[in-house]
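Structure below is upload.tsv: TSV, C-alpha atoms.
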chain	number	residue	atom	x	y	z
N	1	MET	CA	-15.99	57.64	-12.60
N	2	SER	CA	-12.96	57.32	-14.85
N	3	LYS	CA	-12.57	54.48	-17.30
N	4	ALA	CA	-9.47	53.23	-15.46
N	5	ARG	CA	-11.30	53.18	-12.13
N	6	SER	CA	-14.21	51.30	-13.74
N	7	ILE	CA	-11.87	48.66	-15.15
N	8	THR	CA	-10.20	48.25	-11.77
N	9	GLY	CA	-13.57	47.80	-10.07
N	10	GLY	CA	-14.59	45.21	-12.63
N	11	ALA	CA	-11.37	43.32	-12.13
N	12	VAL	CA	-11.90	43.27	-8.37
N	13	LEU	CA	-15.43	41.92	-8.79
N	14	ALA	CA	-14.13	39.25	-11.15
N	15	LEU	CA	-11.46	38.22	-8.67
N	16	LEU	CA	-14.01	38.09	-5.85
N	17	TYR	CA	-16.28	35.93	-7.98
N	18	ILE	CA	-13.43	33.52	-8.74
N	19	PHE	CA	-12.42	33.43	-5.06
N	20	PHE	CA	-15.89	32.67	-3.72
N	21	THR	CA	-16.66	30.21	-6.52
N	22	SER	CA	-13.40	28.35	-5.89
N	23	SER	CA	-14.07	28.33	-2.13
N	24	ALA	CA	-17.53	26.92	-2.69
N	25	MET	CA	-16.13	24.22	-4.97
N	26	ALA	CA	-13.42	23.33	-2.48
N	27	ALA	CA	-15.80	23.10	0.47
N	28	CYS	CA	-17.66	19.78	0.45
N	29	ASP	CA	-19.34	19.03	3.76
N	30	ARG	CA	-20.66	15.68	4.94
N	31	ASP	CA	-23.94	15.92	3.02
N	32	CYS	CA	-22.03	16.93	-0.10
N	33	LEU	CA	-19.73	13.90	0.15
N	34	LEU	CA	-22.65	11.55	0.79
N	35	ASN	CA	-24.31	12.89	-2.37
N	36	PHE	CA	-21.12	12.26	-4.36
N	37	ALA	CA	-21.18	8.67	-3.11
N	38	LYS	CA	-24.79	8.23	-4.20
N	39	GLU	CA	-24.09	9.69	-7.64
N	40	TYR	CA	-20.99	7.53	-8.07
N	41	ARG	CA	-22.84	4.31	-7.23
N	42	ALA	CA	-25.58	5.16	-9.73
N	43	ALA	CA	-23.07	6.03	-12.46
N	44	TYR	CA	-21.08	2.86	-11.80
N	45	VAL	CA	-24.05	0.51	-12.16
N	46	ARG	CA	-25.19	2.29	-15.34
N	47	HIS	CA	-21.67	2.34	-16.83
N	48	ASP	CA	-22.03	6.09	-17.36
N	49	PRO	CA	-19.19	8.27	-16.00
N	50	THR	CA	-20.97	11.41	-17.18
N	51	MET	CA	-23.48	11.03	-14.33
N	52	VAL	CA	-20.93	12.21	-11.75
N	53	PRO	CA	-18.42	15.10	-11.76
N	54	LEU	CA	-15.02	13.58	-12.53
N	55	SER	CA	-11.63	15.19	-12.92
N	56	ARG	CA	-10.16	14.95	-16.42
N	57	HIS	CA	-7.14	13.40	-14.74
N	58	VAL	CA	-8.95	11.05	-12.35
N	59	ARG	CA	-6.81	8.19	-11.03
N	60	PHE	CA	-8.42	4.75	-10.88
N	61	THR	CA	-7.33	1.44	-9.35
N	62	GLU	CA	-9.07	-1.86	-8.84
N	63	ASN	CA	-7.41	-4.38	-6.54
N	64	ASN	CA	-4.27	-2.21	-6.44
N	65	VAL	CA	-3.79	-2.14	-10.22
N	66	GLU	CA	-3.85	1.34	-11.75
N	67	MET	CA	-5.46	1.69	-15.16
N	68	PRO	CA	-7.16	4.27	-17.39
N	69	PHE	CA	-10.68	5.13	-16.31
N	70	PRO	CA	-13.22	3.56	-16.80
N	71	ASP	CA	-12.22	-0.09	-16.93
N	72	ALA	CA	-12.37	-3.35	-14.93
N	73	SER	CA	-15.69	-3.82	-13.06
N	74	TRP	CA	-16.96	-0.51	-14.48
N	75	ASP	CA	-17.52	-2.56	-17.64
N	76	THR	CA	-18.89	-5.72	-16.02
N	77	VAL	CA	-21.08	-4.68	-13.05
N	78	THR	CA	-24.73	-5.53	-13.68
N	79	LYS	CA	-26.37	-4.77	-10.34
N	80	GLU	CA	-25.75	-3.33	-6.90
N	81	VAL	CA	-27.21	-5.71	-4.33
N	82	GLY	CA	-26.24	-3.60	-1.30
N	83	PRO	CA	-27.11	-2.35	1.18
N	84	PRO	CA	-24.39	0.30	0.89
N	85	LEU	CA	-22.54	1.69	3.89
N	86	THR	CA	-21.10	5.16	3.28
N	87	LEU	CA	-18.40	6.98	5.26
N	88	ALA	CA	-17.44	10.65	4.86
N	89	ASP	CA	-14.42	12.70	5.92
N	90	PRO	CA	-14.94	16.40	5.06
N	91	LYS	CA	-11.48	17.32	6.37
N	92	THR	CA	-9.74	15.26	3.70
N	93	GLY	CA	-12.48	15.00	1.05
N	94	ASN	CA	-12.42	11.20	1.26
N	95	ILE	CA	-15.44	8.92	0.93
N	96	GLY	CA	-15.68	5.23	1.84
N	97	ILE	CA	-18.33	2.81	0.54
N	98	PHE	CA	-18.89	-0.85	1.44
N	99	THR	CA	-21.45	-2.62	-0.74
N	100	THR	CA	-22.14	-5.76	-2.78
N	101	ILE	CA	-22.54	-6.16	-6.53
N	102	MET	CA	-23.23	-8.69	-9.25
N	103	GLN	CA	-21.18	-9.11	-12.40
N	104	MET	CA	-23.70	-11.12	-14.42
N	105	ASP	CA	-23.88	-14.29	-12.27
N	106	THR	CA	-20.76	-13.52	-10.19
N	107	PRO	CA	-21.38	-11.99	-6.73
N	108	GLY	CA	-18.79	-9.68	-5.19
N	109	PHE	CA	-18.03	-7.59	-2.13
N	110	LEU	CA	-16.89	-4.11	-3.10
N	111	ALA	CA	-15.11	-1.50	-0.99
N	112	ILE	CA	-14.56	1.93	-2.55
N	113	ARG	CA	-12.57	5.02	-1.64
N	114	LEU	CA	-13.26	8.27	-3.47
N	115	LYS	CA	-11.40	11.55	-3.17
N	116	VAL	CA	-13.29	14.78	-3.86
N	117	LYS	CA	-11.43	18.00	-4.59
N	118	ASN	CA	-12.71	21.27	-6.08
N	119	GLY	CA	-16.10	19.79	-6.82
N	120	GLU	CA	-14.78	16.74	-8.69
N	121	ILE	CA	-13.80	13.15	-7.97
N	122	THR	CA	-10.04	12.97	-8.43
N	123	GLU	CA	-9.29	9.48	-7.06
N	124	ILE	CA	-11.17	6.17	-7.27
N	125	GLU	CA	-9.91	3.11	-5.38
N	126	HIS	CA	-11.78	-0.22	-5.63
N	127	MET	CA	-11.20	-3.39	-3.64
N	128	LEU	CA	-13.40	-6.10	-5.17
N	129	SER	CA	-13.58	-9.56	-3.62
N	130	THR	CA	-15.10	-12.55	-5.41
N	131	LYS	CA	-14.48	-16.27	-4.96
N	132	ARG	CA	-12.32	-16.11	-8.08
N	133	ASN	CA	-9.80	-13.68	-6.62
N	134	LEU	CA	-9.68	-15.25	-3.16
N	135	SER	CA	-6.70	-17.41	-4.01
N	136	GLY	CA	-5.59	-20.13	-1.62
N	137	PRO	CA	-5.45	-20.52	1.20
N	138	PRO	CA	-9.15	-19.68	1.15
N	139	THR	CA	-10.62	-16.90	3.25
N	140	PRO	CA	-14.24	-16.75	4.38
N	141	ILE	CA	-16.74	-15.15	2.04
N	142	GLY	CA	-20.45	-14.68	2.65
N	143	LYS	CA	-23.52	-14.54	0.43
N	144	VAL	CA	-24.38	-11.16	-1.06
N	145	GLU	CA	-28.08	-11.88	-0.51
N	146	GLU	CA	-27.43	-12.04	3.24
N	147	TYR	CA	-25.17	-8.98	3.38
N	148	GLU	CA	-25.81	-6.53	6.21
N	149	HIS	CA	-23.89	-4.10	8.39
N	150	ASP	CA	-23.69	-3.96	12.15
N	151	PRO	CA	-26.38	-1.40	13.09
N	152	ALA	CA	-23.90	0.29	15.45
N	153	ILE	CA	-21.80	1.49	12.50
N	154	THR	CA	-24.40	3.88	11.09
N	155	GLN	CA	-25.28	5.43	14.46
N	156	PRO	CA	-23.59	8.80	15.12
N	157	VAL	CA	-21.38	8.78	18.20
N	158	PRO	CA	-22.47	11.33	20.85
N	159	SER	CA	-19.93	14.07	21.49
N	160	SER	CA	-19.36	12.77	25.02
N	161	GLU	CA	-18.30	9.36	23.64
N	162	ARG	CA	-16.13	10.55	20.75
N	163	ALA	CA	-12.36	10.27	20.56
N	164	SER	CA	-10.08	12.62	18.65
N	165	ARG	CA	-9.07	11.80	15.07
N	166	ARG	CA	-5.61	10.88	16.27
N	167	ARG	CA	-6.96	8.61	19.01
N	168	LEU	CA	-9.31	6.87	16.57
N	169	GLU	CA	-6.36	6.17	14.29
N	170	GLU	CA	-4.29	4.90	17.24
N	171	LEU	CA	-6.99	2.42	18.27
N	172	ALA	CA	-7.29	1.13	14.69
N	173	ASP	CA	-3.51	0.82	14.47
N	174	GLY	CA	-3.52	-1.11	17.75
N	175	TYR	CA	-5.74	-3.68	16.06
N	176	TYR	CA	-3.03	-4.27	13.47
N	177	LYS	CA	-0.27	-4.32	16.09
N	178	THR	CA	-2.25	-7.09	17.78
N	179	LEU	CA	-2.77	-8.93	14.48
N	180	GLN	CA	0.91	-8.89	13.50
N	181	ARG	CA	2.73	-11.87	15.06
N	182	ASN	CA	-0.33	-12.35	17.24
N	183	ASP	CA	0.72	-14.02	20.48
N	184	GLY	CA	-2.33	-13.43	22.67
N	185	GLU	CA	-1.42	-9.89	23.78
N	186	ILE	CA	-3.82	-7.04	22.98
N	187	ARG	CA	-1.55	-4.18	21.92
N	188	GLY	CA	-2.68	-0.57	21.96
N	189	THR	CA	-6.41	-1.12	21.40
N	190	SER	CA	-9.56	-2.27	23.18
N	191	PHE	CA	-12.73	-4.16	22.21
N	192	SER	CA	-16.30	-3.98	23.45
N	193	HIS	CA	-17.60	-7.27	24.84
N	194	ASP	CA	-19.94	-7.67	21.85
N	195	ALA	CA	-17.54	-6.50	19.11
N	196	THR	CA	-18.20	-8.14	15.73
N	197	ARG	CA	-16.27	-8.50	12.50
N	198	ARG	CA	-17.53	-8.97	8.96
N	199	GLU	CA	-14.99	-10.17	6.43
N	200	ASN	CA	-16.25	-10.29	2.86
N	201	GLY	CA	-19.75	-10.29	4.30
N	202	LEU	CA	-19.25	-13.22	6.68
N	203	LEU	CA	-19.97	-12.52	10.35
N	204	PHE	CA	-17.57	-13.38	13.18
N	205	LYS	CA	-18.46	-12.78	16.82
N	206	ASP	CA	-16.27	-12.36	19.90
N	207	ILE	CA	-13.25	-11.26	17.84
N	208	GLU	CA	-11.18	-10.47	20.93
N	209	SER	CA	-11.02	-14.14	21.94
N	210	GLY	CA	-9.43	-15.02	18.62
N	211	PHE	CA	-6.64	-12.55	19.29
N	212	LYS	CA	-6.16	-13.76	22.85
N	213	SER	CA	-5.77	-17.34	21.57
N	214	GLY	CA	-2.74	-16.40	19.47
N	215	PHE	CA	-4.32	-18.04	16.42
N	216	TYR	CA	-3.00	-15.39	14.00
N	217	TYR	CA	0.66	-15.90	14.81
N	218	PHE	CA	1.27	-16.73	11.12
N	219	ASN	CA	0.90	-13.02	10.18
N	220	ASN	CA	4.50	-11.93	9.70
N	221	LYS	CA	3.77	-8.32	8.85
N	222	VAL	CA	0.77	-6.02	8.58
N	223	ARG	CA	1.43	-2.99	6.37
N	224	ARG	CA	-1.32	-0.45	6.94
N	225	GLN	CA	-2.33	3.20	6.96
N	226	PRO	CA	-5.49	5.16	7.87
N	227	ILE	CA	-7.04	6.88	4.86
N	228	LEU	CA	-10.34	8.25	6.18
N	229	VAL	CA	-11.78	9.26	9.55
N	230	ASP	CA	-15.55	9.73	9.81
N	231	GLU	CA	-15.71	11.67	13.06
N	232	THR	CA	-19.51	11.73	13.12
N	233	LEU	CA	-19.76	7.93	13.04
N	234	GLY	CA	-16.49	7.28	14.89
N	235	VAL	CA	-15.13	5.19	12.03
N	236	VAL	CA	-11.59	4.80	10.69
N	237	LEU	CA	-10.98	3.35	7.21
N	238	CYS	CA	-7.57	1.77	6.49
N	239	ARG	CA	-5.85	0.22	3.51
N	240	GLY	CA	-3.10	-2.32	3.75
N	241	PHE	CA	-1.61	-5.77	3.31
N	242	ILE	CA	-1.09	-8.81	5.55
N	243	ASP	CA	2.07	-10.65	4.56
N	244	HIS	CA	2.83	-14.32	5.23
N	245	LYS	CA	6.33	-15.64	4.58
N	246	GLY	CA	4.97	-19.19	4.47
N	247	ASP	CA	7.91	-20.62	6.41
N	248	LEU	CA	5.99	-21.42	9.60
N	249	ASP	CA	4.99	-25.07	9.95
N	250	THR	CA	3.39	-25.55	13.38
N	251	TYR	CA	2.92	-23.25	16.35
N	252	LYS	CA	1.23	-23.26	19.74
N	253	LEU	CA	-1.86	-21.36	20.84
N	254	THR	CA	-1.89	-19.64	24.21
N	255	ASN	CA	-3.66	-22.68	25.69
N	256	GLY	CA	-0.75	-24.90	24.65
N	257	LYS	CA	-2.48	-26.59	21.71
N	258	GLU	CA	-0.21	-27.11	18.70
N	259	ILE	CA	-1.70	-26.35	15.27
N	260	ARG	CA	-0.47	-26.25	11.70
N	261	SER	CA	-0.21	-22.97	9.78
N	262	VAL	CA	-2.48	-22.72	6.75
N	263	TYR	CA	0.14	-20.64	4.90
N	264	ARG	CA	2.60	-22.98	3.18
N	265	GLU	CA	4.13	-20.50	0.71
N	266	PRO	CA	4.65	-16.71	0.44
N	267	HIS	CA	1.27	-14.99	0.34
N	268	SER	CA	-0.39	-11.63	1.05
N	269	TRP	CA	-3.89	-10.32	1.62
N	270	ALA	CA	-4.82	-6.83	0.39
N	271	PHE	CA	-7.64	-5.03	2.17
N	272	LEU	CA	-9.80	-2.01	2.78
N	273	GLU	CA	-11.03	-2.26	6.36
N	274	MET	CA	-13.06	-0.03	8.68
N	275	PHE	CA	-13.35	0.17	12.45
N	276	LYS	CA	-16.32	1.55	14.39
N	277	ILE	CA	-15.07	3.00	17.69
N	278	ARG	CA	-17.14	4.20	20.62
N	279	LYS	CA	-16.01	5.00	24.17
N	280	GLN	CA	-12.40	4.19	23.20
N	281	GLN	CA	-13.39	0.66	22.14
N	282	ILE	CA	-13.72	-1.09	18.79
N	283	VAL	CA	-17.34	-2.22	18.50
N	284	ALA	CA	-17.48	-3.38	14.87
N	285	VAL	CA	-15.09	-4.18	12.03
N	286	GLU	CA	-15.90	-4.59	8.35
N	287	ALA	CA	-13.34	-5.61	5.74
N	288	THR	CA	-13.04	-6.44	2.07
N	289	PHE	CA	-10.07	-8.76	1.46
N	290	ILE	CA	-8.51	-10.21	-1.67
N	291	GLY	CA	-5.61	-12.55	-2.27
N	292	ALA	CA	-2.54	-10.74	-3.60
N	293	PRO	CA	1.00	-11.52	-4.74
N	294	TYR	CA	3.42	-11.69	-1.83
N	295	ASN	CA	4.70	-8.22	-0.84
N	296	MET	CA	2.42	-6.50	-3.34
N	297	HIS	CA	2.67	-2.71	-3.72
N	298	THR	CA	-0.21	-0.21	-3.83
N	299	PRO	CA	-0.06	2.68	-6.32
N	300	TRP	CA	-1.54	4.98	-3.66
N	301	SER	CA	1.25	5.09	-1.10
N	302	ASN	CA	4.97	4.41	-0.87
N	303	ALA	CA	4.48	4.15	2.89
N	304	LEU	CA	3.16	0.60	2.36
N	305	ASP	CA	6.12	-0.62	0.34
N	306	PRO	CA	7.55	-3.91	1.68
Entire entry expressed as structure tokens:
Amino acid sequence: MSKARSITGGAVLALLYIFFTSSAMAACDRDCLLNFAKEYRAAYVRHDPTMVPLSRHVRFTENNVEMPFPDASWDTVTKEVGPPLTLADPKTGNIGIFTTIMQMDTPGFLAIRLKVKNGEITEIEHMLSTKRNLSGPPTPIGKVEEYEHDPAITQPVPSSERASRRRLEELADGYYKTLQRNDGEIRGTSFSHDATRRENGLLFKDIESGFKSGFYYFNNKVRRQPILVDETLGVVLCRGFIDHKGDLDTYKLTNGKEIRSVYREPHSWAFLEMFKIRKQQIVAVEATFIGAPYNMHTPWSNALDP
């Protein structure tokens, strides 16, 4: 074999090695993503970013504020109370985590989105709710010691009961269509008879009746977008904002009762929120909400600009 032919063969082998190595790094299946989530949670509590593969240029936000990594609750977390709920979307490389933490003596509800690409975490998005950052008007918040998830969320949806990714996103979006200027009409979605909602850990039952009452008419605008679809669990994770102009004084429920709006000035909620969907129906909702400046922007998407 000539020297030139040998060099060519070596170059081909090198290219093949790079190709297959890059493909392996790029491919992160469900188990791979779940392992990233586990490693991230451990690194976070120990304040040690070296415990998890991170991109040199990782982007990090907490409560929609972008900052150099690590910072914010990475410096103050003292314990994960849990239990954690983890979502995985191998098609996009996104991970969702809902859990509870302590910052010394301050309890908090933490929702996380991670983005994995080429074997590294490239994006970290935190939504951390404590009583401190739930500015008025107050929103419900539970006790971290009593935190639990609806058991239905962690159960895989049988193939016969699954909807397409697009349909899952449509049903989640219908929830927000119903929430915006809520007048009692259910728009583009459906609920199971026993659907539940947990907001900052606090449980609400029979969520459909609240919508049918028109109670949430004070929501002027809901800016939202799906960011993860866990097809195995039938779960959609969304980010967004609920904006209140604060100019509504009183309004009537669908039963004719007149009530006073709790929003007396411009105000927004920021959220990460997930929907469990089975048989074309929402069966469970879990959300982490914080108070935010009116018409706040997220660094992650221009699509949510006011």
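Nearest to Leu34 of chain N of all the residues N:Asp71, N:Glu125, N:Glu161, N:Asp230 is N:Asp230, based on only C-alpha atoms.
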Practice problem: Could you jot down the atom CA of His267 of chain N to atom CA of Asn63 of chain N separation for me, Å, one decimal place? | Solution: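 Atom CA of Asn63 of chain N lies at a distance of 15.3 Å from atom CA of His267 of chain N.
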Exercise. Give as a list in words each residue that has an atom at most 10 Å from (-17.5, -5.9, 8.6) in the file, counting only C-alpha atoms.
Key: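 Answer for this query, in the requested form: Phe98, Tyr147, Glu148, His149, Asp150, Ile153, Thr196, Arg197, Arg198, Glu199, Asn200, Gly201, Leu202, Leu203, Phe204, Glu273, Met274, Phe275, Lys276, Ala284, Val285, Glu286, Ala287 and Thr288 of chain N.
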Could you dump the residues just selected with C-alpha atoms as a PDB file, keeping the file's coordinate frame?
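Output (again.pdb):
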ATOM      1  CA  PHE N  98     -18.890  -0.850   1.440  1.00  0.00           C
ATOM      2  CA  TYR N 147     -25.170  -8.980   3.380  1.00  0.00           C
ATOM      3  CA  GLU N 148     -25.810  -6.530   6.210  1.00  0.00           C
ATOM      4  CA  HIS N 149     -23.890  -4.100   8.390  1.00  0.00           C
ATOM      5  CA  ASP N 150     -23.690  -3.960  12.150  1.00  0.00           C
ATOM      6  CA  ILE N 153     -21.800   1.490  12.500  1.00  0.00           C
ATOM      7  CA  THR N 196     -18.200  -8.140  15.730  1.00  0.00           C
ATOM      8  CA  ARG N 197     -16.270  -8.500  12.500  1.00  0.00           C
ATOM      9  CA  ARG N 198     -17.530  -8.970   8.960  1.00  0.00           C
ATOM     10  CA  GLU N 199     -14.990 -10.170   6.430  1.00  0.00           C
ATOM     11  CA  ASN N 200     -16.250 -10.290   2.860  1.00  0.00           C
ATOM     12  CA  GLY N 201     -19.750 -10.290   4.300  1.00  0.00           C
ATOM     13  CA  LEU N 202     -19.250 -13.220   6.680  1.00  0.00           C
ATOM     14  CA  LEU N 203     -19.970 -12.520  10.350  1.00  0.00           C
ATOM     15  CA  PHE N 204     -17.570 -13.380  13.180  1.00  0.00           C
ATOM     16  CA  GLU N 273     -11.030  -2.260   6.360  1.00  0.00           C
ATOM     17  CA  MET N 274     -13.060  -0.030   8.680  1.00  0.00           C
ATOM     18  CA  PHE N 275     -13.350   0.170  12.450  1.00  0.00           C
ATOM     19  CA  LYS N 276     -16.320   1.550  14.390  1.00  0.00           C
ATOM     20  CA  ALA N 284     -17.480  -3.380  14.870  1.00  0.00           C
ATOM     21  CA  VAL N 285     -15.090  -4.180  12.030  1.00  0.00           C
ATOM     22  CA  GLU N 286     -15.900  -4.590   8.350  1.00  0.00           C
ATOM     23  CA  ALA N 287     -13.340  -5.610   5.740  1.00  0.00           C
ATOM     24  CA  THR N 288     -13.040  -6.440   2.070  1.00  0.00           C
TER      25      THR N 288
END
Exercise. Excluding Pro306 of chain N and residues on its chain fewer than 2 positions from it, collect all residues at most 8 Å away from it, counting only C-alpha atoms, and give them as a list of chain:residue names.
Key: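 Those residues are N:Arg223, N:Asn295, N:Met296, N:His297, N:Leu304.
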Quiz item: What does the distance between atom CA of Leu253 of chain N and atom CA of Lys177 of chain N come to in Å, to one decimal place?
Solution: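 Going from atom CA of Leu253 of chain N over to atom CA of Lys177 of chain N, I get 17.8 Å.
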Output segment 241-262 of chain N as a short mmCIF file (atom, residue, chain, number, x, y, z; two decimals), in the coordinates of the input, making sure N, CA and C atoms are there.
data_model
loop_
_atom_site.label_atom_id
_atom_site.label_comp_id
_atom_site.auth_asym_id
_atom_site.auth_seq_id
_atom_site.Cartn_x
_atom_site.Cartn_y
_atom_site.Cartn_z
N PHE N 241 -1.94 -4.41 3.72
CA PHE N 241 -1.61 -5.77 3.31
C PHE N 241 -1.22 -6.58 4.54
N ILE N 242 -1.56 -7.86 4.54
CA ILE N 242 -1.09 -8.81 5.55
C ILE N 242 -0.19 -9.80 4.83
N ASP N 243 1.08 -9.83 5.24
CA ASP N 243 2.07 -10.65 4.56
C ASP N 243 2.40 -11.91 5.36
N HIS N 244 2.47 -13.03 4.63
CA HIS N 244 2.83 -14.32 5.23
C HIS N 244 4.05 -14.86 4.49
N LYS N 245 5.13 -15.10 5.21
CA LYS N 245 6.33 -15.64 4.58
C LYS N 245 6.13 -17.09 4.14
N GLY N 246 5.24 -17.81 4.84
CA GLY N 246 4.97 -19.19 4.47
C GLY N 246 5.99 -20.19 5.00
N ASP N 247 6.87 -19.73 5.90
CA ASP N 247 7.91 -20.62 6.41
C ASP N 247 7.59 -21.20 7.78
N LEU N 248 6.39 -20.90 8.30
CA LEU N 248 5.99 -21.42 9.60
C LEU N 248 5.23 -22.72 9.41
N ASP N 249 5.65 -23.77 10.08
CA ASP N 249 4.99 -25.07 9.95
C ASP N 249 3.92 -25.22 11.02
N THR N 250 4.34 -25.43 12.27
CA THR N 250 3.39 -25.55 13.38
C THR N 250 3.72 -24.51 14.44
N TYR N 251 2.73 -24.20 15.25
CA TYR N 251 2.92 -23.25 16.35
C TYR N 251 1.90 -23.56 17.43
N LYS N 252 2.11 -22.98 18.61
CA LYS N 252 1.23 -23.26 19.74
C LYS N 252 0.33 -22.06 20.04
N LEU N 253 -0.93 -22.37 20.36
CA LEU N 253 -1.86 -21.36 20.84
C LEU N 253 -1.54 -21.05 22.30
N THR N 254 -2.17 -20.02 22.83
CA THR N 254 -1.89 -19.64 24.21
C THR N 254 -2.35 -20.71 25.20
N ASN N 255 -3.24 -21.60 24.79
CA ASN N 255 -3.66 -22.68 25.69
C ASN N 255 -2.77 -23.92 25.57
N GLY N 256 -1.70 -23.80 24.78
CA GLY N 256 -0.75 -24.90 24.65
C GLY N 256 -1.01 -25.83 23.49
N LYS N 257 -2.15 -25.70 22.82
CA LYS N 257 -2.48 -26.59 21.71
C LYS N 257 -1.61 -26.26 20.50
N GLU N 258 -1.05 -27.30 19.89
CA GLU N 258 -0.21 -27.11 18.70
C GLU N 258 -1.06 -27.25 17.44
N ILE N 259 -0.94 -26.30 16.52
CA ILE N 259 -1.70 -26.35 15.27
C ILE N 259 -0.77 -26.07 14.10
N ARG N 260 -1.25 -26.38 12.93
CA ARG N 260 -0.47 -26.25 11.70
C ARG N 260 -0.88 -24.97 10.98
N SER N 261 0.08 -24.19 10.52
CA SER N 261 -0.21 -22.97 9.78
C SER N 261 -0.85 -23.30 8.43
N VAL N 262 -1.83 -22.52 8.04
CA VAL N 262 -2.48 -22.72 6.75
C VAL N 262 -1.66 -22.12 5.61
#
